[in-house]
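Colleague: Next comes the structure file query.tsv, holding TSV, C-alpha atoms and all ligand atoms.
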chain	number	residue	atom	x	y	z
V	195	MET	CA	161.37	59.39	115.99
V	196	SER	CA	159.42	58.97	112.73
V	197	ALA	CA	159.46	61.77	110.16
V	198	VAL	CA	156.92	64.57	110.43
V	199	LYS	CA	154.11	64.12	107.90
V	200	LEU	CA	153.59	67.34	105.98
V	201	ALA	CA	150.64	67.90	103.61
V	202	ILE	CA	150.76	70.81	101.16
V	203	VAL	CA	147.15	71.30	100.08
V	204	TYR	CA	146.42	74.07	97.63
V	205	TYR	CA	144.34	75.40	94.77
V	206	SER	CA	145.66	77.07	91.61
V	207	ALA	CA	143.91	78.29	88.49
V	208	THR	CA	146.80	79.76	86.50
V	209	GLY	CA	149.90	78.06	87.90
V	210	THR	CA	151.25	80.42	90.56
V	211	LEU	CA	150.20	78.33	93.51
V	212	ASP	CA	151.44	75.21	91.68
V	213	ALA	CA	154.93	76.75	91.64
V	214	MET	CA	154.69	77.91	95.25
V	215	ALA	CA	153.58	74.45	96.41
V	216	ARG	CA	156.61	72.86	94.74
V	217	HIS	CA	158.99	75.13	96.68
V	218	ALA	CA	157.20	74.49	99.97
V	219	ALA	CA	157.39	70.74	99.34
V	220	GLU	CA	161.09	70.89	98.50
V	221	ALA	CA	161.80	72.73	101.75
V	222	GLY	CA	159.66	70.29	103.74
V	223	GLU	CA	161.62	67.37	102.33
V	224	LYS	CA	164.92	69.10	103.06
V	225	ALA	CA	163.75	69.57	106.65
V	226	GLY	CA	163.26	65.80	106.88
V	227	ALA	CA	159.48	65.54	106.50
V	228	GLU	CA	157.48	62.97	104.56
V	229	VAL	CA	155.59	65.23	102.17
V	230	ARG	CA	152.31	64.89	100.29
V	231	VAL	CA	151.51	67.60	97.72
V	232	ARG	CA	147.82	67.65	96.95
V	233	ARG	CA	145.87	69.91	94.62
V	234	VAL	CA	142.24	70.80	95.14
V	235	THR	CA	140.38	69.85	91.97
V	236	ARG	CA	139.97	72.69	89.49
V	237	GLN	CA	136.46	73.87	88.85
V	238	ALA	CA	136.08	75.68	85.57
V	239	SER	CA	134.66	79.17	85.69
V	240	GLN	CA	135.40	82.46	84.00
V	241	GLY	CA	138.04	83.28	86.63
V	242	ASP	CA	139.56	79.82	86.48
V	243	ARG	CA	140.69	79.65	82.91
V	244	ARG	CA	144.29	78.61	82.68
V	245	ALA	CA	146.73	79.92	80.09
V	246	THR	CA	146.20	76.80	78.01
V	247	ASP	CA	144.24	73.61	78.47
V	248	SER	CA	147.39	71.51	78.10
V	249	GLN	CA	149.06	73.45	80.94
V	250	ALA	CA	146.02	72.76	83.12
V	251	ALA	CA	146.00	69.10	82.21
V	252	GLN	CA	149.72	68.78	82.95
V	253	ALA	CA	149.45	70.35	86.41
V	254	GLU	CA	146.47	68.17	87.21
V	255	ALA	CA	148.15	65.02	85.95
V	256	GLU	CA	151.29	65.73	87.98
V	257	THR	CA	149.59	66.34	91.32
V	258	ALA	CA	147.20	64.03	93.11
V	259	PRO	CA	143.83	65.49	94.14
V	260	ALA	CA	143.40	66.48	97.79
V	261	THR	CA	141.26	64.21	99.97
V	262	PRO	CA	140.19	64.53	103.61
V	263	ASP	CA	142.55	61.67	104.46
V	264	ASP	CA	145.51	63.86	103.50
V	265	ILE	CA	144.66	66.24	106.34
V	266	VAL	CA	143.97	63.45	108.83
V	267	TRP	CA	147.26	61.76	107.85
V	268	ALA	CA	149.36	64.89	108.36
V	269	ASP	CA	151.06	66.23	111.48
V	270	ALA	CA	151.40	69.58	109.71
V	271	VAL	CA	149.36	71.12	106.91
V	272	VAL	CA	150.30	74.08	104.73
V	273	PHE	CA	147.32	75.38	102.77
V	274	GLY	CA	147.78	77.51	99.64
V	275	SER	CA	145.18	79.62	97.88
V	276	PRO	CA	145.07	82.43	95.34
V	277	THR	CA	143.76	85.65	96.88
V	278	ARG	CA	140.21	86.14	95.63
V	279	TYR	CA	138.47	89.32	96.71
V	280	GLY	CA	140.78	89.35	99.74
V	281	ASN	CA	139.74	85.84	100.68
V	282	ILE	CA	140.61	82.23	99.89
V	283	ALA	CA	139.35	80.72	96.63
V	284	GLY	CA	135.93	79.07	96.75
V	285	GLN	CA	137.45	75.80	95.53
V	286	LEU	CA	139.73	75.53	98.59
V	287	LYS	CA	136.84	76.59	100.84
V	288	THR	CA	134.64	73.85	99.35
V	289	PHE	CA	137.37	71.32	100.11
V	290	ILE	CA	137.69	72.65	103.68
V	291	ASP	CA	133.92	72.52	104.08
V	292	SER	CA	133.98	68.85	103.08
V	293	LEU	CA	136.02	68.14	106.23
V	294	GLY	CA	132.98	68.33	108.55
V	295	PRO	CA	133.00	64.62	109.45
V	296	GLN	CA	136.73	64.72	110.29
V	297	TRP	CA	136.26	67.93	112.29
V	298	GLY	CA	133.37	66.29	114.19
V	299	GLN	CA	135.67	63.46	115.27
V	300	GLY	CA	138.42	65.83	116.39
V	301	LEU	CA	140.74	64.57	113.66
V	302	LEU	CA	141.83	68.04	112.51
V	303	ALA	CA	142.94	69.28	115.94
V	304	ASP	CA	146.41	69.47	117.47
V	305	LYS	CA	148.20	69.78	114.14
V	306	VAL	CA	150.42	72.59	112.93
V	307	TYR	CA	148.98	74.76	110.15
V	308	ALA	CA	150.21	77.66	108.02
V	309	GLY	CA	149.34	79.21	104.65
V	310	PHE	CA	150.62	80.82	101.48
V	311	THR	CA	148.92	82.91	98.85
V	312	ALA	CA	149.37	85.01	95.71
V	313	SER	CA	147.56	88.09	94.51
V	314	GLN	CA	147.77	90.22	91.41
V	315	THR	CA	148.38	93.46	93.28
V	316	LEU	CA	150.64	94.38	96.19
V	317	HIS	CA	147.87	95.57	98.48
V	318	GLY	CA	145.27	93.23	96.99
V	319	GLY	CA	144.46	91.30	100.16
V	320	GLN	CA	147.19	88.73	100.84
V	321	GLU	CA	147.09	89.34	104.58
V	322	SER	CA	143.30	89.20	104.79
V	323	THR	CA	143.36	85.95	102.79
V	324	LEU	CA	145.79	84.32	105.20
V	325	LEU	CA	143.88	85.59	108.22
V	326	ALA	CA	140.61	84.27	106.71
V	327	LEU	CA	142.28	80.88	106.29
V	328	TYR	CA	143.46	80.97	109.90
V	329	ASN	CA	139.89	81.61	111.14
V	330	THR	CA	139.14	78.08	110.02
V	331	ILE	CA	142.22	76.69	111.75
V	332	HIS	CA	140.93	77.98	115.07
V	333	HIS	CA	137.72	76.01	114.50
V	334	PHE	CA	139.81	72.92	113.81
V	335	GLY	CA	141.64	73.35	117.13
V	336	GLY	CA	144.80	73.62	115.06
V	337	ILE	CA	148.01	75.43	115.93
V	338	VAL	CA	148.77	78.32	113.58
V	339	VAL	CA	152.51	78.59	113.03
V	340	ALA	CA	152.88	81.95	111.35
V	341	PRO	CA	156.41	82.90	110.28
V	342	GLY	CA	156.37	86.24	112.06
V	343	TYR	CA	159.78	87.84	111.69
V	344	THR	CA	161.64	84.75	112.88
V	345	ASP	CA	164.19	84.84	110.06
V	346	PRO	CA	166.05	87.65	108.25
V	347	THR	CA	164.22	86.69	105.03
V	348	LYS	CA	160.99	87.93	106.59
V	349	PHE	CA	162.31	91.47	106.63
V	350	VAL	CA	162.70	91.16	102.87
V	351	ASP	CA	159.35	89.62	101.84
V	352	GLY	CA	157.62	91.48	104.66
V	353	ASN	CA	154.75	89.08	105.31
V	354	PRO	CA	154.63	87.78	108.90
V	355	TYR	CA	151.31	85.97	108.25
V	356	GLY	CA	152.59	83.40	105.76
V	357	ALA	CA	154.35	83.34	102.39
V	358	SER	CA	153.11	85.24	99.36
V	359	HIS	CA	153.78	86.36	95.81
V	360	VAL	CA	152.52	89.33	93.79
V	361	THR	CA	151.85	88.23	90.19
V	362	GLY	CA	151.54	91.78	88.80
V	363	PRO	CA	149.40	92.97	85.90
V	364	ASP	CA	150.46	90.06	83.63
V	365	ASN	CA	149.59	87.48	86.32
V	366	ASP	CA	153.21	86.29	86.25
V	367	ALA	CA	153.69	82.99	88.09
V	368	GLU	CA	157.49	83.29	88.14
V	369	LEU	CA	158.61	83.60	91.75
V	370	GLY	CA	161.30	85.96	92.97
V	371	GLU	CA	164.14	85.11	95.36
V	372	ALA	CA	162.35	86.63	98.35
V	373	ASP	CA	159.16	84.65	97.61
V	374	ILE	CA	161.12	81.40	97.40
V	375	ALA	CA	163.08	82.15	100.58
V	376	ALA	CA	159.82	82.88	102.41
V	377	LEU	CA	158.26	79.61	101.24
V	378	HIS	CA	161.33	77.67	102.34
V	379	HIS	CA	161.35	79.35	105.73
V	380	LEU	CA	157.60	78.74	106.17
V	381	ALA	CA	157.78	75.01	105.41
V	382	THR	CA	160.96	74.50	107.43
V	383	ARG	CA	159.48	76.27	110.44
V	384	VAL	CA	156.25	74.28	110.24
V	385	VAL	CA	158.18	70.99	110.17
V	386	THR	CA	160.48	72.08	113.03
V	387	VAL	CA	157.58	73.09	115.28
V	388	ALA	CA	155.66	69.89	114.45
V	389	GLU	CA	158.75	67.89	115.41
V	390	ARG	CA	158.97	69.70	118.72
V	391	LEU	CA	155.30	69.00	119.43
V	392	ALA	CA	155.79	65.33	118.64
V	393	GLY	CA	158.99	65.11	120.65
V	401	LIG	C1	137.75	85.88	90.95
V	401	LIG	C2	139.10	86.43	91.22
V	401	LIG	C3	139.31	87.31	92.27
V	401	LIG	C4	140.56	87.86	92.52
V	401	LIG	N1	140.72	88.72	93.56
V	401	LIG	C5	141.91	89.32	93.75
V	401	LIG	C6	142.10	90.25	94.82
V	401	LIG	O1	141.23	90.47	95.66
V	401	LIG	N2	143.29	90.89	94.91
V	401	LIG	C7	144.31	90.68	94.00
V	401	LIG	O2	145.34	91.33	94.10
V	401	LIG	N3	144.18	89.73	93.03
V	401	LIG	C8	143.01	89.06	92.88
V	401	LIG	N4	142.87	88.12	91.90
V	401	LIG	C9	144.07	87.68	91.14
V	401	LIG	C10	144.59	86.35	91.71
V	401	LIG	O3	144.91	86.48	93.07
V	401	LIG	C11	145.81	85.84	90.97
V	401	LIG	O4	145.46	85.69	89.61
V	401	LIG	C12	146.22	84.51	91.58
V	401	LIG	O5	146.90	84.72	92.78
V	401	LIG	C13	147.05	83.66	90.68
V	401	LIG	O6	147.15	82.37	91.31
V	401	LIG	P1	147.07	81.06	90.42
V	401	LIG	O7	147.95	81.30	89.23
V	401	LIG	O8	147.65	79.96	91.29
V	401	LIG	O9	145.67	80.79	90.05
V	401	LIG	C14	141.64	87.53	91.66
V	401	LIG	C15	141.44	86.63	90.60
V	401	LIG	C16	140.18	86.08	90.38
V	401	LIG	C17	140.01	85.11	89.23
I'd like the structure from this file rewritten - as structure tokens, please.
Ligand SMILES: Cc1cc2nc3c(=O)[nH]c(=O)nc-3n(C[C@H](O)[C@H](O)[C@H](O)COP(=O)(O)O)c2cc1C
Modeller:
Amino acid sequence: MSAVKLAIVYYSATGTLDAMARHAAEAGEKAGAEVRVRRVTRQASQGDRRATDSQAAQAEAETAPATPDDIVWADAVVFGSPTRYGNIAGQLKTFIDSLGPQWGQGLLADKVYAGFTASQTLHGGQESTLLALYNTIHHFGGIVVAPGYTDPTKFVDGNPYGASHVTGPDNDAELGEADIAALHHLATRVVTVAERLAG
């Protein structure tokens, strides 16, 4: 059986989602998947300033930009977005909206999908962001593979909808052990379920 193709497609303005995507990719590879990590192109705005321009340039240089083909190619897709007003970032939504032609041909259906997010505050809308993302997956005809409480780590991070990190008042991108464990569990579970579907 050929390896599951996993696409990690995300947006990040200040580096948190960059770090989360790297952990999800590492776990996907460990689970035996062929992994593409793709970053939705940054669009400058007041809210999208990064700590420094060189940091932004480095993250962009290191990660290929997301294209519709990355979603079509994949058996499993993990989307990542900062929480913005309890919803996904407009940049990721614009990318998703560009997938109309692929959606129209049924090329987004029958794949496994899941999501991860970060917010500044603990009750700042991580769950609503992931649920908003999953609305779209239903329109794709995709299969949402939420983590639920399928692993002891989920009783620590406490988010059955996906994986998430709270940046706190300083917008700290450094992930804690529970965040990393949740990302690893999410990506591993997505790959395992995609394998079962293929098998
Ligand atoms: C326009 C905007 C809206 C935001 N809305 C929320 C929010 O609703 N709740 C929250 O806790 N944090 C909110 N934040 C903070 C971001 O979620 C946080 O900075 C982000 O997760 C960091 O991810 P990044 O470093 O990958 O860009 C918002 C930030 C911006 C710029």
Colleague: Using only C-alpha atoms, can you list as a list in words the residues within 12 Å of (135.4, 74.1, 96.0)?
Modeller: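 I get Tyr204, Tyr205, Ser206, Arg233, Val234, Thr235, Arg236, Gln237, Ala238, Ser239, Asp242, Ala260, Ser275, Ile282, Ala283, Gly284, Gln285, Leu286, Lys287, Thr288, Phe289, Ile290, Asp291, Ser292 and Leu293 of chain V for the residues within 12 Å of that point.
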Colleague: Output C-alpha atoms of each residue in that selection to a file, as a PDB file, keeping the file's coordinate frame.
Modeller:
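Result written to result.pdb:
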ATOM      1  CA  TYR V 204     146.420  74.070  97.630  1.00  0.00           C
ATOM      2  CA  TYR V 205     144.340  75.400  94.770  1.00  0.00           C
ATOM      3  CA  SER V 206     145.660  77.070  91.610  1.00  0.00           C
ATOM      4  CA  ARG V 233     145.870  69.910  94.620  1.00  0.00           C
ATOM      5  CA  VAL V 234     142.240  70.800  95.140  1.00  0.00           C
ATOM      6  CA  THR V 235     140.380  69.850  91.970  1.00  0.00           C
ATOM      7  CA  ARG V 236     139.970  72.690  89.490  1.00  0.00           C
ATOM      8  CA  GLN V 237     136.460  73.870  88.850  1.00  0.00           C
ATOM      9  CA  ALA V 238     136.080  75.680  85.570  1.00  0.00           C
ATOM     10  CA  SER V 239     134.660  79.170  85.690  1.00  0.00           C
ATOM     11  CA  ASP V 242     139.560  79.820  86.480  1.00  0.00           C
ATOM     12  CA  ALA V 260     143.400  66.480  97.790  1.00  0.00           C
ATOM     13  CA  SER V 275     145.180  79.620  97.880  1.00  0.00           C
ATOM     14  CA  ILE V 282     140.610  82.230  99.890  1.00  0.00           C
ATOM     15  CA  ALA V 283     139.350  80.720  96.630  1.00  0.00           C
ATOM     16  CA  GLY V 284     135.930  79.070  96.750  1.00  0.00           C
ATOM     17  CA  GLN V 285     137.450  75.800  95.530  1.00  0.00           C
ATOM     18  CA  LEU V 286     139.730  75.530  98.590  1.00  0.00           C
ATOM     19  CA  LYS V 287     136.840  76.590 100.840  1.00  0.00           C
ATOM     20  CA  THR V 288     134.640  73.850  99.350  1.00  0.00           C
ATOM     21  CA  PHE V 289     137.370  71.320 100.110  1.00  0.00           C
ATOM     22  CA  ILE V 290     137.690  72.650 103.680  1.00  0.00           C
ATOM     23  CA  ASP V 291     133.920  72.520 104.080  1.00  0.00           C
ATOM     24  CA  SER V 292     133.980  68.850 103.080  1.00  0.00           C
ATOM     25  CA  LEU V 293     136.020  68.140 106.230  1.00  0.00           C
TER      26      LEU V 293
END
Colleague: Got a sec to check which residues lie within 6 Å of ligand LIG 401 (chain V), using all atoms listed in the file, and send them as JSON, numbers by chain?
Modeller: {"V": [206, 207, 208, 209, 210, 211, 241, 242, 276, 277, 278, 279, 280, 312, 313, 314, 315, 318, 319, 365]}
Colleague: Excluding Val350 of chain V and residues on its chain fewer than 2 positions from it, collect all residues at most 10 Å away from it, counting all atoms listed in the file, and give them as number ranges by chain.
Modeller: V: 343, 345-348, 352-353, 371-373, 375-376
Colleague: Would you mind reading off the distance between atom CA of Ala213 of chain V and atom CA of Phe349 of chain V, one decimal, in Å?
Modeller: 22.3 Å
Colleague: In Å, with one decimal, what is the gap from atom CA of Pro363 of chain V to atom CA of Gly309 of chain V?
Modeller: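 Atom-to-atom, atom CA of Pro363 of chain V and atom CA of Gly309 of chain V are spaced 23.3 Å apart.
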Colleague: Name the residues in contact with His333 of chain V at a cut-off of 12 Å, using all atoms listed in the file, excluding same-chain residues fewer than 2 positions from it; report them as a PyMOL selection string.
Modeller: chain V and resi 290-291+293-294+297-298+300-304+326-331+335-338
Colleague: Between atom CA of Ser358 of chain V and atom CA of Gln296 of chain V, what distance in Å does the model show, to one decimal?
Modeller: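 Separation of atom CA of Ser358 of chain V and atom CA of Gln296 of chain V: 28.4 Å.
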Colleague: When you look at Arg383 of chain V with a cut-off of 10 Å (counting all atoms listed in the file), what residues show up, excluding the ones that are within fewer than 2 positions of it in the same chain? I need them as a ChimeraX atom specification.
Modeller: /V:221-222,225,308,339-341,344-345,377-381,385-389
Colleague: Considering all atoms listed in the file, can you say which of V:Lys305, V:Lys199, V:Lys224, V:His359 comes closest to Leu391 of chain V?
Modeller: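 Answer, going by the shortest atom-to-atom distance: V:Lys305.
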Colleague: Pick out the closest residue to Asn281 of chain V from this set: V:Asp366, V:Glu228, V:Asp351, V:Glu321. Count all atoms listed in the file.
Modeller: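 Smallest distance to Asn281 of chain V is found for V:Glu321.
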Colleague: Kindly output segment 265-277 of chain V as a compact mmCIF listing (two decimals), keeping the file's coordinate frame, after building N, CA, C and O atoms.
Modeller:
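Everything below was put into out.txt:
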# COMPACT_ATOMS: atom_id res chain seq x y z
N ILE V 265 144.59 65.37 105.15
CA ILE V 265 144.66 66.24 106.34
C ILE V 265 144.75 65.38 107.61
O ILE V 265 145.54 65.67 108.51
N VAL V 266 143.96 64.33 107.65
CA VAL V 266 143.97 63.45 108.83
C VAL V 266 145.35 62.81 108.98
O VAL V 266 145.88 62.70 110.09
N TRP V 267 145.94 62.42 107.86
CA TRP V 267 147.26 61.76 107.85
C TRP V 267 148.36 62.67 108.40
O TRP V 267 149.27 62.22 109.09
N ALA V 268 148.24 63.97 108.12
CA ALA V 268 149.36 64.89 108.36
C ALA V 268 149.51 65.29 109.83
O ALA V 268 148.54 65.36 110.58
N ASP V 269 150.78 65.56 110.20
CA ASP V 269 151.06 66.23 111.48
C ASP V 269 151.04 67.74 111.27
O ASP V 269 150.84 68.50 112.21
N ALA V 270 151.31 68.15 110.04
CA ALA V 270 151.40 69.58 109.71
C ALA V 270 150.80 69.78 108.32
O ALA V 270 151.02 68.97 107.42
N VAL V 271 150.02 70.84 108.18
CA VAL V 271 149.36 71.12 106.91
C VAL V 271 149.66 72.56 106.51
O VAL V 271 149.48 73.49 107.30
N VAL V 272 150.13 72.73 105.28
CA VAL V 272 150.30 74.08 104.73
C VAL V 272 149.29 74.22 103.59
O VAL V 272 149.35 73.48 102.60
N PHE V 273 148.34 75.12 103.79
CA PHE V 273 147.32 75.38 102.77
C PHE V 273 147.79 76.52 101.86
O PHE V 273 148.38 77.51 102.33
N GLY V 274 147.48 76.43 100.56
CA GLY V 274 147.78 77.51 99.64
C GLY V 274 146.55 77.88 98.82
O GLY V 274 145.83 77.00 98.34
N SER V 275 146.32 79.17 98.67
CA SER V 275 145.18 79.62 97.88
C SER V 275 145.50 80.93 97.17
O SER V 275 146.12 81.82 97.77
N PRO V 276 145.04 81.10 95.94
CA PRO V 276 145.07 82.43 95.34
C PRO V 276 144.22 83.38 96.20
O PRO V 276 143.25 82.93 96.82
N THR V 277 144.61 84.63 96.24
CA THR V 277 143.76 85.65 96.88
C THR V 277 142.61 85.97 95.93
O THR V 277 142.82 86.29 94.76
